[in-house]
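> Structure: coords_21.cif, mmCIF, C-alpha atoms.
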data_target
loop_
_atom_site.label_atom_id
_atom_site.label_comp_id
_atom_site.auth_asym_id
_atom_site.auth_seq_id
_atom_site.Cartn_x
_atom_site.Cartn_y
_atom_site.Cartn_z
CA MET C 1 26.79 -13.66 -7.25
CA LYS C 2 26.85 -12.82 -3.57
CA ILE C 3 23.24 -12.82 -2.41
CA ILE C 4 21.84 -11.88 1.00
CA ILE C 5 18.51 -13.50 1.87
CA ILE C 6 16.57 -11.93 4.74
CA GLY C 7 14.16 -14.39 6.33
CA ALA C 8 16.39 -17.23 5.16
CA THR C 9 15.33 -19.63 7.90
CA GLY C 10 11.59 -19.48 7.18
CA THR C 11 9.56 -21.79 4.94
CA LEU C 12 10.02 -19.58 1.88
CA GLY C 13 13.54 -18.49 2.75
CA LYS C 14 14.80 -22.08 2.96
CA ALA C 15 13.35 -22.85 -0.47
CA ILE C 16 15.07 -19.77 -1.95
CA VAL C 17 18.38 -20.83 -0.38
CA GLU C 18 17.90 -24.25 -1.93
CA GLU C 19 17.09 -22.79 -5.37
CA LEU C 20 19.94 -20.26 -5.50
CA GLY C 21 22.51 -21.86 -3.18
CA THR C 22 23.95 -24.26 -5.75
CA ARG C 23 24.91 -21.44 -8.11
CA HIS C 24 25.65 -18.50 -5.79
CA GLU C 25 27.26 -17.45 -2.53
CA ILE C 26 24.41 -17.03 -0.02
CA VAL C 27 24.41 -15.01 3.19
CA ARG C 28 21.49 -16.00 5.39
CA ALA C 29 19.96 -13.21 7.50
CA GLY C 30 17.07 -13.25 9.91
CA ARG C 31 15.74 -12.36 13.33
CA SER C 32 17.58 -15.36 14.81
CA GLY C 33 19.30 -18.60 13.85
CA ALA C 34 20.85 -17.28 10.62
CA ASP C 35 24.38 -16.16 9.69
CA VAL C 36 23.55 -12.51 10.40
CA GLN C 37 20.97 -11.13 12.79
CA VAL C 38 18.69 -8.31 11.63
CA ASP C 39 15.47 -6.62 12.66
CA ILE C 40 14.19 -5.11 9.41
CA THR C 41 11.82 -2.75 11.26
CA SER C 42 14.92 -0.83 12.38
CA LEU C 43 16.86 1.08 9.72
CA ASP C 44 19.87 1.05 12.05
CA SER C 45 19.73 -2.73 12.34
CA VAL C 46 19.50 -3.02 8.54
CA LYS C 47 22.49 -0.69 8.12
CA ALA C 48 24.48 -2.76 10.65
CA MET C 49 23.62 -5.93 8.72
CA TYR C 50 24.91 -4.45 5.45
CA ALA C 51 28.04 -3.08 7.16
CA HIS C 52 28.75 -6.56 8.48
CA VAL C 53 28.12 -8.36 5.18
CA GLY C 54 29.68 -5.84 2.79
CA ALA C 55 28.77 -5.32 -0.85
CA VAL C 56 26.31 -7.80 -2.38
CA ASP C 57 24.91 -8.40 -5.86
CA ALA C 58 21.38 -9.19 -4.75
CA VAL C 59 19.15 -8.57 -1.75
CA ILE C 60 16.22 -10.92 -1.32
CA CYS C 61 13.56 -10.54 1.34
CA ALA C 62 11.37 -13.44 2.42
CA ALA C 63 10.33 -11.89 5.74
CA GLY C 64 7.54 -9.67 7.00
CA ASN C 65 4.66 -9.82 9.45
CA VAL C 66 1.12 -8.52 9.15
CA HIS C 67 -1.82 -8.79 11.53
CA PHE C 68 -4.94 -10.67 10.46
CA GLY C 69 -8.20 -9.52 12.00
CA ALA C 70 -11.83 -8.74 11.23
CA LEU C 71 -12.48 -5.27 9.83
CA THR C 72 -14.99 -4.64 12.61
CA ASP C 73 -12.38 -5.27 15.34
CA ILE C 74 -9.00 -4.36 13.87
CA THR C 75 -7.29 -1.28 15.32
CA PRO C 76 -4.92 1.29 13.81
CA GLY C 77 -2.19 -0.22 16.00
CA GLN C 78 -2.76 -3.62 14.42
CA TYR C 79 -2.51 -2.14 10.91
CA GLU C 80 0.72 -0.53 12.11
CA ILE C 81 2.29 -4.00 12.52
CA GLY C 82 2.14 -4.72 8.79
CA LEU C 83 3.11 -1.17 7.83
CA LYS C 84 6.18 -1.17 10.09
CA ASP C 85 7.26 -4.75 9.48
CA LYS C 86 6.40 -6.23 6.07
CA LEU C 87 6.12 -2.85 4.28
CA MET C 88 8.63 -0.42 5.83
CA GLY C 89 10.93 -3.28 6.85
CA GLN C 90 11.40 -4.10 3.18
CA VAL C 91 11.61 -0.41 2.24
CA ASN C 92 14.41 -0.09 4.83
CA LEU C 93 16.27 -2.87 3.02
CA VAL C 94 16.13 -0.81 -0.19
CA LEU C 95 16.83 2.61 1.37
CA ALA C 96 20.01 1.39 3.08
CA GLY C 97 20.83 -1.23 0.47
CA GLN C 98 20.99 1.18 -2.48
CA GLN C 99 24.19 2.55 -0.93
CA ILE C 100 26.02 -0.78 -0.67
CA ILE C 101 24.69 -2.95 -3.48
CA ASN C 102 26.96 -3.51 -6.50
CA ASP C 103 26.29 -1.91 -9.90
CA GLY C 104 23.61 -3.88 -11.71
CA GLY C 105 22.49 -5.52 -8.46
CA SER C 106 18.89 -6.33 -7.60
CA PHE C 107 16.36 -6.19 -4.80
CA THR C 108 13.55 -8.74 -4.68
CA LEU C 109 10.77 -8.16 -2.17
CA ILE C 110 7.94 -10.41 -1.01
CA SER C 111 4.28 -9.35 -1.28
CA GLY C 112 1.36 -11.74 -1.78
CA VAL C 113 -1.86 -12.63 -3.57
CA LEU C 114 -4.17 -10.79 -1.16
CA SER C 115 -3.33 -7.48 -2.83
CA ASP C 116 -5.70 -8.53 -5.57
CA ASP C 117 -7.74 -11.43 -4.21
CA PRO C 118 -8.88 -10.52 -0.69
CA ILE C 119 -10.03 -12.80 2.11
CA ARG C 120 -11.93 -12.11 5.33
CA TRP C 121 -9.58 -10.78 8.05
CA GLY C 122 -7.02 -9.87 5.39
CA SER C 123 -7.45 -6.10 4.88
CA SER C 124 -4.06 -5.32 6.41
CA ALA C 125 -2.29 -7.90 4.24
CA SER C 126 -4.10 -6.64 1.12
CA MET C 127 -3.02 -3.07 1.84
CA VAL C 128 0.58 -3.96 2.61
CA ASN C 129 1.09 -6.35 -0.31
CA ALA C 130 -0.27 -3.84 -2.83
CA ALA C 131 1.93 -1.14 -1.32
CA ILE C 132 5.02 -3.35 -1.74
CA ASP C 133 4.25 -4.09 -5.41
CA ALA C 134 3.68 -0.40 -6.14
CA PHE C 135 6.81 0.62 -4.23
CA ALA C 136 8.89 -1.80 -6.33
CA LYS C 137 7.38 -0.40 -9.54
CA ALA C 138 8.10 3.18 -8.43
CA ALA C 139 11.56 2.57 -6.97
CA ALA C 140 12.63 0.82 -10.19
CA ILE C 141 12.59 4.11 -12.13
CA GLU C 142 14.75 5.92 -9.56
CA LEU C 143 17.44 3.38 -8.66
CA PRO C 144 20.85 4.38 -10.08
CA ARG C 145 23.76 2.29 -11.51
CA GLY C 146 21.57 -0.31 -13.25
CA ILE C 147 20.18 -1.53 -9.95
CA ARG C 148 16.89 -3.40 -10.38
CA ILE C 149 13.95 -4.10 -8.05
CA ASN C 150 11.02 -6.53 -8.32
CA SER C 151 8.49 -8.13 -6.03
CA VAL C 152 7.23 -11.71 -5.86
CA SER C 153 3.53 -12.15 -5.10
CA PRO C 154 2.72 -15.78 -4.30
CA THR C 155 -0.57 -17.34 -3.30
CA VAL C 156 -0.73 -19.53 -0.18
CA PHE C 157 1.94 -22.26 0.01
CA THR C 158 1.13 -25.97 -0.01
CA GLU C 159 3.55 -26.25 2.93
CA SER C 160 1.51 -23.70 4.94
CA MET C 161 -1.97 -25.13 4.36
CA ASP C 162 -2.06 -26.83 7.77
CA LYS C 163 -1.70 -23.43 9.39
CA TYR C 164 -3.50 -21.11 6.95
CA GLY C 165 -5.78 -23.37 4.91
CA ALA C 166 -8.90 -22.36 6.83
CA PHE C 167 -8.39 -18.72 5.82
CA PHE C 168 -7.71 -19.57 2.17
CA ARG C 169 -10.61 -21.84 1.25
CA GLY C 170 -10.85 -22.23 -2.50
CA PHE C 171 -7.30 -21.00 -3.13
CA LYS C 172 -5.14 -23.45 -5.05
CA PRO C 173 -1.86 -23.57 -3.11
CA VAL C 174 1.56 -23.58 -4.80
CA ALA C 175 4.68 -25.41 -3.68
CA VAL C 176 7.09 -23.04 -1.96
CA ALA C 177 9.75 -24.26 -4.44
CA ASP C 178 7.69 -22.66 -7.23
CA ALA C 179 7.72 -19.32 -5.42
CA ALA C 180 11.50 -19.70 -5.02
CA LEU C 181 11.78 -19.95 -8.81
CA ALA C 182 10.29 -16.47 -9.13
CA PHE C 183 13.06 -15.11 -6.92
CA ALA C 184 15.62 -16.75 -9.23
CA LYS C 185 13.87 -15.12 -12.21
CA SER C 186 14.10 -11.72 -10.53
CA VAL C 187 17.75 -12.09 -9.46
CA GLU C 188 19.16 -13.88 -12.50
CA GLY C 189 16.91 -12.28 -15.12
CA ALA C 190 16.96 -8.66 -16.29
CA GLN C 191 13.48 -7.30 -15.57
CA THR C 192 12.82 -4.42 -13.20
CA GLY C 193 9.74 -2.79 -11.66
CA LYS C 194 7.86 -6.05 -12.10
CA THR C 195 5.65 -8.10 -9.80
CA PHE C 196 6.10 -11.83 -10.42
CA VAL C 197 2.77 -13.38 -9.50
CA VAL C 198 2.98 -17.05 -8.45
CA LEU C 199 -0.43 -18.72 -8.61
CA MET L 200 -28.75 11.42 1.13
CA LYS L 201 -26.73 12.96 3.94
CA ILE L 202 -23.11 12.99 2.82
CA ILE L 203 -20.01 14.01 4.76
CA ILE L 204 -17.08 15.16 2.64
CA ILE L 205 -13.69 15.27 4.35
CA GLY L 206 -11.33 17.70 2.64
CA ALA L 207 -14.33 19.63 1.36
CA THR L 208 -12.49 22.94 1.08
CA GLY L 209 -9.70 21.69 -1.19
CA THR L 210 -9.57 21.77 -4.99
CA LEU L 211 -11.12 18.31 -5.34
CA GLY L 212 -13.42 18.65 -2.33
CA LYS L 213 -15.04 21.80 -3.70
CA ALA L 214 -15.71 20.09 -7.03
CA ILE L 215 -17.34 17.14 -5.23
CA VAL L 216 -19.51 19.51 -3.19
CA GLU L 217 -20.56 21.19 -6.43
CA GLU L 218 -21.36 17.85 -8.11
CA LEU L 219 -23.34 16.32 -5.23
CA GLY L 220 -24.60 19.44 -3.45
CA THR L 221 -27.59 20.07 -5.71
CA ARG L 222 -29.07 16.63 -4.98
CA HIS L 223 -27.94 15.85 -1.43
CA GLU L 224 -27.40 17.27 2.04
CA ILE L 225 -23.66 17.90 2.38
CA VAL L 226 -21.64 18.24 5.58
CA ARG L 227 -18.24 19.77 4.84
CA ALA L 228 -15.38 18.55 7.04
CA GLY L 229 -11.70 19.46 7.04
CA ARG L 230 -8.68 20.56 9.00
CA SER L 231 -10.02 24.13 9.08
CA GLY L 232 -12.56 26.41 7.46
CA ALA L 233 -15.27 23.73 7.02
CA ASP L 234 -18.52 22.96 8.90
CA VAL L 235 -16.77 20.39 11.10
CA GLN L 236 -13.10 20.24 12.08
CA VAL L 237 -11.26 16.95 11.86
CA ASP L 238 -7.71 15.61 11.84
CA ILE L 239 -8.02 12.25 10.08
CA THR L 240 -4.64 11.07 11.41
CA SER L 241 -6.31 10.81 14.83
CA LEU L 242 -8.93 8.10 15.32
CA ASP L 243 -10.28 10.06 18.29
CA SER L 244 -10.71 13.17 16.14
CA VAL L 245 -12.52 11.10 13.50
CA LYS L 246 -14.81 9.60 16.16
CA ALA L 247 -15.56 13.07 17.51
CA MET L 248 -16.43 14.25 14.00
CA TYR L 249 -18.89 11.41 13.51
CA ALA L 250 -20.39 11.93 16.98
CA HIS L 251 -20.98 15.58 16.11
CA VAL L 252 -22.47 14.91 12.66
CA GLY L 253 -24.53 11.81 13.49
CA ALA L 254 -25.54 9.07 11.05
CA VAL L 255 -24.73 9.63 7.39
CA ASP L 256 -25.46 7.79 4.16
CA ALA L 257 -22.08 8.39 2.56
CA VAL L 258 -18.55 9.27 3.64
CA ILE L 259 -16.31 10.81 1.01
CA CYS L 260 -12.65 11.60 1.51
CA ALA L 261 -10.80 14.09 -0.66
CA ALA L 262 -7.95 14.66 1.80
CA GLY L 263 -4.54 13.15 2.48
CA ASN L 264 -0.89 14.18 2.42
CA VAL L 265 2.15 12.31 1.19
CA HIS L 266 5.78 13.38 0.99
CA PHE L 267 7.49 13.62 -2.40
CA GLY L 268 11.23 13.03 -2.44
CA ALA L 269 14.02 11.27 -4.30
CA LEU L 270 14.50 7.60 -3.44
CA THR L 271 18.17 8.31 -2.64
CA ASP L 272 17.23 10.90 0.01
CA ILE L 273 13.83 9.95 1.39
CA THR L 274 13.71 8.73 5.00
CA PRO L 275 11.44 6.26 6.79
CA GLY L 276 9.99 9.25 8.66
CA GLN L 277 9.02 10.87 5.37
CA TYR L 278 7.29 7.68 4.19
CA GLU L 279 5.51 7.74 7.55
CA ILE L 280 3.75 10.99 6.56
CA GLY L 281 1.83 9.31 3.75
CA LEU L 282 1.20 6.14 5.76
CA LYS L 283 -0.21 8.07 8.74
CA ASP L 284 -2.11 10.71 6.78
CA LYS L 285 -3.41 9.67 3.35
CA LEU L 286 -3.47 5.91 4.11
CA MET L 287 -4.30 5.41 7.79
CA GLY L 288 -6.26 8.69 7.91
CA GLN L 289 -8.69 7.24 5.39
CA VAL L 290 -8.64 3.83 7.10
CA ASN L 291 -9.60 5.64 10.32
CA LEU L 292 -12.62 7.11 8.51
CA VAL L 293 -13.75 3.56 7.68
CA LEU L 294 -12.90 1.94 11.04
CA ALA L 295 -14.92 4.51 12.99
CA GLY L 296 -17.45 5.17 10.24
CA GLN L 297 -18.62 1.56 9.93
CA GLN L 298 -20.26 2.01 13.35
CA ILE L 299 -22.28 5.12 12.48
CA ILE L 300 -23.03 4.89 8.75
CA ASN L 301 -26.58 3.96 7.72
CA ASP L 302 -27.46 0.56 6.21
CA GLY L 303 -26.50 0.53 2.55
CA GLY L 304 -24.22 3.52 3.02
CA SER L 305 -20.92 3.99 1.24
CA PHE L 306 -17.33 5.07 1.74
CA THR L 307 -15.40 6.62 -1.14
CA LEU L 308 -11.66 7.13 -0.67
CA ILE L 309 -9.13 9.04 -2.74
CA SER L 310 -6.01 7.37 -4.15
CA GLY L 311 -4.27 8.40 -7.40
CA VAL L 312 -2.66 7.40 -10.67
CA LEU L 313 0.88 6.97 -9.26
CA SER L 314 -0.06 3.54 -7.91
CA ASP L 315 0.30 2.28 -11.44
CA ASP L 316 2.16 4.99 -13.37
CA PRO L 317 5.10 6.13 -11.24
CA ILE L 318 7.07 9.37 -11.45
CA ARG L 319 10.45 10.39 -10.02
CA TRP L 320 10.11 11.41 -6.34
CA GLY L 321 6.77 9.57 -6.14
CA SER L 322 7.60 6.26 -4.43
CA SER L 323 5.69 7.21 -1.28
CA ALA L 324 2.61 8.25 -3.25
CA SER L 325 2.77 5.08 -5.36
CA MET L 326 2.91 2.92 -2.25
CA VAL L 327 0.13 4.76 -0.45
CA ASN L 328 -2.25 4.98 -3.42
CA ALA L 329 -1.94 1.27 -4.18
CA ALA L 330 -2.51 0.47 -0.50
CA ILE L 331 -5.73 2.52 -0.50
CA ASP L 332 -7.10 0.78 -3.61
CA ALA L 333 -6.30 -2.65 -2.15
CA PHE L 334 -7.75 -1.72 1.23
CA ALA L 335 -11.03 -0.69 -0.43
CA LYS L 336 -11.16 -3.96 -2.35
CA ALA L 337 -10.51 -5.97 0.82
CA ALA L 338 -12.77 -3.98 3.15
CA ALA L 339 -15.65 -4.32 0.66
CA ILE L 340 -15.99 -8.05 1.39
CA GLU L 341 -16.14 -7.53 5.17
CA LEU L 342 -18.39 -4.50 5.59
CA PRO L 343 -21.79 -5.48 7.05
CA ARG L 344 -25.36 -4.16 6.41
CA GLY L 345 -24.92 -3.57 2.68
CA ILE L 346 -22.29 -0.92 3.30
CA ARG L 347 -20.11 -0.31 0.23
CA ILE L 348 -16.60 1.06 -0.27
CA ASN L 349 -14.74 2.25 -3.38
CA SER L 350 -11.74 4.38 -4.22
CA VAL L 351 -11.27 7.04 -6.87
CA SER L 352 -7.86 7.14 -8.57
CA PRO L 353 -7.46 10.30 -10.65
CA THR L 354 -4.49 11.50 -12.66
CA VAL L 355 -3.16 15.03 -12.10
CA PHE L 356 -5.81 17.77 -12.23
CA THR L 357 -5.84 20.51 -14.85
CA GLU L 358 -6.40 22.94 -11.97
CA SER L 359 -3.19 21.74 -10.24
CA MET L 360 -0.84 21.86 -13.24
CA ASP L 361 0.65 25.21 -12.18
CA LYS L 362 1.81 23.56 -8.97
CA TYR L 363 2.52 19.97 -10.03
CA GLY L 364 2.95 20.09 -13.81
CA ALA L 365 6.73 19.85 -13.65
CA PHE L 366 6.48 16.50 -11.83
CA PHE L 367 3.88 15.12 -14.25
CA ARG L 368 5.43 15.81 -17.67
CA GLY L 369 3.60 13.84 -20.34
CA PHE L 370 0.55 13.18 -18.16
CA LYS L 371 -2.72 14.36 -19.71
CA PRO L 372 -4.48 16.21 -16.89
CA VAL L 373 -8.21 15.87 -16.18
CA ALA L 374 -10.59 18.57 -14.98
CA VAL L 375 -11.28 18.19 -11.29
CA ALA L 376 -15.00 18.15 -12.17
CA ASP L 377 -14.42 14.86 -14.01
CA ALA L 378 -12.88 13.33 -10.89
CA ALA L 379 -15.91 14.58 -8.93
CA LEU L 380 -18.14 12.57 -11.28
CA ALA L 381 -16.39 9.38 -10.17
CA PHE L 382 -17.32 10.18 -6.57
CA ALA L 383 -20.96 10.55 -7.67
CA LYS L 384 -20.74 7.18 -9.44
CA SER L 385 -19.41 5.57 -6.26
CA VAL L 386 -22.00 7.18 -3.94
CA GLU L 387 -25.08 7.04 -6.16
CA GLY L 388 -24.23 3.80 -7.98
CA ALA L 389 -24.19 0.29 -6.55
CA GLN L 390 -20.65 -1.01 -7.07
CA THR L 391 -18.34 -1.96 -4.23
CA GLY L 392 -14.65 -2.90 -3.88
CA LYS L 393 -13.95 -0.95 -7.05
CA THR L 394 -11.28 1.59 -7.99
CA PHE L 395 -12.69 4.21 -10.35
CA VAL L 396 -9.71 5.34 -12.42
CA VAL L 397 -10.05 8.88 -13.83
CA LEU L 398 -7.58 9.46 -16.68
#
Would you write out, as C-alpha cells, the structure that this file holds?


Amino acid sequence: MKIIIIGATGTLGKAIVEELGTRHEIVRAGRSGADVQVDITSLDSVKAMYAHVGAVDAVICAAGNVHFGALTDITPGQYEIGLKDKLMGQVNLVLAGQQIINDGGSFTLISGVLSDDPIRWGSSASMVNAAIDAFAKAAAIELPRGIRINSVSPTVFTESMDKYGAFFRGFKPVAVADAALAFAKSVEGAQTGKTFVVL
Amino acid sequence: MKIIIIGATGTLGKAIVEELGTRHEIVRAGRSGADVQVDITSLDSVKAMYAHVGAVDAVICAAGNVHFGALTDITPGQYEIGLKDKLMGQVNLVLAGQQIINDGGSFTLISGVLSDDPIRWGSSASMVNAAIDAFAKAAAIELPRGIRINSVSPTVFTESMDKYGAFFRGFKPVAVADAALAFAKSVEGAQTGKTFVVL
C-alpha cells in the first residue's frame, strides 16, 4: 500500500513509520522536516499536499495541537486552538482526502484517552478527542467506494512521561510502539467507524 | 432555586420551563422573544446576560445550531457553525457562568443522540454532541465551590418528527417532556460529569 503519514516526524509518527514502513510505501508529511510539507489547519495546504503526493491507499494522522489550561482561566481563543488544529485539521484531511484516496482506502485519525478519562487542565483535549472519535464513527457511514475511517485513542506514552507525567499521575503509560500497532490494525484490517483504544 | 434557561422559547426550552417552572423561579433567555436577550456565540453577550440577571442557582441550555450536510459536500465553514454555536456557545455559558453561579449551583447542557448513533448528513452534529458530553465530564472535575455540570443527550423528539423524521428513520422518538425530566434530574439531583441519555 501507499500510505501517507501526517505528523510522521513526531514521537508517535516515527513509531508508525517503523511499524508500517517494512511492508508499505510510506510518504512522510509534516509541518517541517518531512518529505512533504503541510499545515493541516489549512484546507488549501492539505489539498496541495494530496495534489503533490497523488492517490494513496491510506491516510494516517499523528498530528494535532490542543491547549491545556485551567477551566477558570482558559479562553474561547485557547479552545479554538484544539478545534482548528487537532479537530478540524484532521477533518480537513478527510474532506479533501475522500476525493483522492483509492477505492477501499482508509483514514486513521488520532484522538486520546482524555475523551473519557479527564484530567485537570484537559477540558479542551477531552472535547476535541471525543469529537474526533464521533466524527470517525459518523463519517464511516457516509464515505463512498469502500473507504474506511477509524480513530486511535491512546493513553499517555511512556516516551512522553518526562514531559507530561506530572499531568497524568496515576495513568499507566503505554509504549508508543503499542499505539503504532493500532494504526496497523486500522489500515491493514477491515473495520470502520471504530475507535481503537490503547491503554 | 433561581434558574436561567437559555433557548427557553424553543420546543425543548418550553418543556423545561413547564417542568421546572412550578417549583422554581425561571428566567427565560434566548435570541429573541424571551425575558433576556443573548447570543451564546458571543462571550460578551453571555457576560452581559449574566450581569443583567445576577447570581443564579442553575444554568440550563436548550439552544444550539449545527449544520446538516453530506460528507462529500460539507465545508470547514459549515462545521464551524456547530463548533461556534452549539459547542462553544455552551462552553461560553460555563466559562462566564462559573464566576456568577451560586455555590453548589449547576450547569446543564444539551447534546444529542448522534454522538453515538450517527445518521447520514449528521457528521457535524455527531462531532459537536460528543464534544459537549466530554466537555461536561472534564469540566466537572475542575469546577470549584461544589458547582456541578451535566449534559442531556436526547434522541429525536416526537414533536419534531414532522420536520426531522425523514433524517431519523428507525429512531423511536421521545416526548420532549421526557427530555425535560432529565434536566430536572440534573438540576435537582446531585450528580456531576454525567450525560443523561434520553432514548

> With all atoms listed in the file as the counted atoms, please give the residues lying no more than 6 Å from region 174-187 of chain C, apart from itself and same-chain residues fewer than 2 positions off, as a PyMOL selection string.

chain C and resi 12+15-16+157-158+189

> Hey, which of L:Pro353, L:Gly304, L:Gly281, L:Gly364 ends up closest to chain C? Count all atoms listed in the file.

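Of L:Pro353, L:Gly304, L:Gly281, L:Gly364, the one nearest chain C, counting all atoms listed in the file, is L:Gly281.
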
> On this structure, the PyMOL selection byres ((chain L) within 8 of (chain C)) would catch which residues? List them as a PDB file with C-alpha atoms, in the coordinates of the input, sorted by chain and number.


ATOM      1  CA  ALA L 269      14.020  11.270  -4.300  1.00  0.00           C
ATOM      2  CA  LEU L 270      14.500   7.600  -3.440  1.00  0.00           C
ATOM      3  CA  THR L 271      18.170   8.310  -2.640  1.00  0.00           C
ATOM      4  CA  ILE L 273      13.830   9.950   1.390  1.00  0.00           C
ATOM      5  CA  THR L 274      13.710   8.730   5.000  1.00  0.00           C
ATOM      6  CA  PRO L 275      11.440   6.260   6.790  1.00  0.00           C
ATOM      7  CA  LEU L 282       1.200   6.140   5.760  1.00  0.00           C
ATOM      8  CA  MET L 287      -4.300   5.410   7.790  1.00  0.00           C
ATOM      9  CA  ASN L 291      -9.600   5.640  10.320  1.00  0.00           C
ATOM     10  CA  LEU L 294     -12.900   1.940  11.040  1.00  0.00           C
ATOM     11  CA  GLN L 297     -18.620   1.560   9.930  1.00  0.00           C
ATOM     12  CA  SER L 314      -0.060   3.540  -7.910  1.00  0.00           C
ATOM     13  CA  ASP L 315       0.300   2.280 -11.440  1.00  0.00           C
ATOM     14  CA  ASP L 316       2.160   4.990 -13.370  1.00  0.00           C
ATOM     15  CA  PRO L 317       5.100   6.130 -11.240  1.00  0.00           C
ATOM     16  CA  ILE L 318       7.070   9.370 -11.450  1.00  0.00           C
ATOM     17  CA  ARG L 319      10.450  10.390 -10.020  1.00  0.00           C
ATOM     18  CA  TRP L 320      10.110  11.410  -6.340  1.00  0.00           C
ATOM     19  CA  GLY L 321       6.770   9.570  -6.140  1.00  0.00           C
ATOM     20  CA  SER L 322       7.600   6.260  -4.430  1.00  0.00           C
ATOM     21  CA  SER L 323       5.690   7.210  -1.280  1.00  0.00           C
ATOM     22  CA  SER L 325       2.770   5.080  -5.360  1.00  0.00           C
ATOM     23  CA  MET L 326       2.910   2.920  -2.250  1.00  0.00           C
ATOM     24  CA  VAL L 327       0.130   4.760  -0.450  1.00  0.00           C
ATOM     25  CA  ASN L 328      -2.250   4.980  -3.420  1.00  0.00           C
ATOM     26  CA  ALA L 329      -1.940   1.270  -4.180  1.00  0.00           C
ATOM     27  CA  ALA L 330      -2.510   0.470  -0.500  1.00  0.00           C
ATOM     28  CA  ILE L 331      -5.730   2.520  -0.500  1.00  0.00           C
ATOM     29  CA  ASP L 332      -7.100   0.780  -3.610  1.00  0.00           C
ATOM     30  CA  ALA L 333      -6.300  -2.650  -2.150  1.00  0.00           C
ATOM     31  CA  PHE L 334      -7.750  -1.720   1.230  1.00  0.00           C
ATOM     32  CA  LYS L 336     -11.160  -3.960  -2.350  1.00  0.00           C
ATOM     33  CA  ALA L 337     -10.510  -5.970   0.820  1.00  0.00           C
ATOM     34  CA  ALA L 338     -12.770  -3.980   3.150  1.00  0.00           C
ATOM     35  CA  ILE L 340     -15.990  -8.050   1.390  1.00  0.00           C
ATOM     36  CA  GLU L 341     -16.140  -7.530   5.170  1.00  0.00           C
ATOM     37  CA  LEU L 342     -18.390  -4.500   5.590  1.00  0.00           C
TER      38      LEU L 342
END

> Would you mind reading off the distance between CA of Ala233 (chain L) and CA of Phe306 (chain L), one decimal, in Å?

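CA of Ala233 (chain L) sits 19.5 Å away from CA of Phe306 (chain L).
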
> Measure the distance from CA of Ser359 (chain L) to CA of Val216 (chain L) in Å and round it to one decimal.

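Going from CA of Ser359 (chain L) over to CA of Val216 (chain L) covers 17.9 Å.
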
> Please report the interatomic distance between CA of Asp39 (chain C) and CA of Val56 (chain C) in Å with one decimal.

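If I compute the distance from CA of Asp39 (chain C) to CA of Val56 (chain C), I get 18.6 Å.
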
> I'd like the residues picked by the PyMOL selection byres ((chain C and resi 58) around 9) written out as a compact mmCIF listing (two decimals) with C-alpha atoms, in the frame of the given file, using the chain letters and numbers from the file.


# COMPACT_ATOMS: atom_id res chain seq x y z
CA MET C 1 26.79 -13.66 -7.25
CA LYS C 2 26.85 -12.82 -3.57
CA ILE C 3 23.24 -12.82 -2.41
CA ILE C 4 21.84 -11.88 1.00
CA ILE C 5 18.51 -13.50 1.87
CA VAL C 56 26.31 -7.80 -2.38
CA ASP C 57 24.91 -8.40 -5.86
CA VAL C 59 19.15 -8.57 -1.75
CA ILE C 60 16.22 -10.92 -1.32
CA ILE C 101 24.69 -2.95 -3.48
CA ASN C 102 26.96 -3.51 -6.50
CA GLY C 105 22.49 -5.52 -8.46
CA SER C 106 18.89 -6.33 -7.60
CA PHE C 107 16.36 -6.19 -4.80
CA THR C 108 13.55 -8.74 -4.68
CA VAL C 187 17.75 -12.09 -9.46

> Which neighbours of Thr9 (chain C) fall inside 7 Å, counting only C-alpha atoms, when residues of the same chain fewer than 2 positions from it are skipped, and could you give them as a PyMOL selection string?

chain C and resi 7+11+13-14+30+34

> Considering all atoms listed in the file, can you say which of C:Ile100, C:Ile6, C:Leu93, C:Ala190 comes closest to Asp44 (chain C)?

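Of C:Ile100, C:Ile6, C:Leu93, C:Ala190, the one nearest Asp44 (chain C), counting all atoms listed in the file, is C:Leu93.
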
> Please return region 309-316 of chain L, rebuilt to N, CA, C and O atoms, as an mmCIF file, keeping the file's coordinate frame.


data_model
loop_
_atom_site.group_PDB
_atom_site.id
_atom_site.type_symbol
_atom_site.label_atom_id
_atom_site.label_comp_id
_atom_site.auth_asym_id
_atom_site.auth_seq_id
_atom_site.Cartn_x
_atom_site.Cartn_y
_atom_site.Cartn_z
ATOM 1 N N ILE L 309 -9.922 8.475 -1.647
ATOM 2 C CA ILE L 309 -9.130 9.040 -2.740
ATOM 3 C C ILE L 309 -7.753 8.367 -2.792
ATOM 4 O O ILE L 309 -7.068 8.264 -1.767
ATOM 5 N N SER L 310 -7.370 7.906 -3.979
ATOM 6 C CA SER L 310 -6.010 7.370 -4.150
ATOM 7 C C SER L 310 -5.325 8.192 -5.247
ATOM 8 O O SER L 310 -5.228 9.411 -5.102
ATOM 9 N N GLY L 311 -4.887 7.611 -6.331
ATOM 10 C CA GLY L 311 -4.270 8.400 -7.400
ATOM 11 C C GLY L 311 -3.464 7.548 -8.353
ATOM 12 O O GLY L 311 -3.074 6.421 -8.039
ATOM 13 N N VAL L 312 -3.223 8.103 -9.514
ATOM 14 C CA VAL L 312 -2.660 7.400 -10.670
ATOM 15 C C VAL L 312 -1.258 6.840 -10.420
ATOM 16 O O VAL L 312 -0.833 5.906 -11.101
ATOM 17 N N LEU L 313 -0.516 7.395 -9.434
ATOM 18 C CA LEU L 313 0.880 6.970 -9.260
ATOM 19 C C LEU L 313 1.012 5.527 -8.773
ATOM 20 O O LEU L 313 2.087 4.942 -8.855
ATOM 21 N N SER L 314 -0.071 4.960 -8.275
ATOM 22 C CA SER L 314 -0.060 3.540 -7.910
ATOM 23 C C SER L 314 0.403 2.684 -9.079
ATOM 24 O O SER L 314 1.033 1.651 -8.891
ATOM 25 N N ASP L 315 0.077 3.115 -10.266
ATOM 26 C CA ASP L 315 0.300 2.280 -11.440
ATOM 27 C C ASP L 315 1.227 2.922 -12.463
ATOM 28 O O ASP L 315 1.757 2.245 -13.333
ATOM 29 N N ASP L 316 1.433 4.224 -12.352
ATOM 30 C CA ASP L 316 2.160 4.990 -13.370
ATOM 31 C C ASP L 316 3.108 5.925 -12.627
ATOM 32 O O ASP L 316 2.815 7.109 -12.439
#
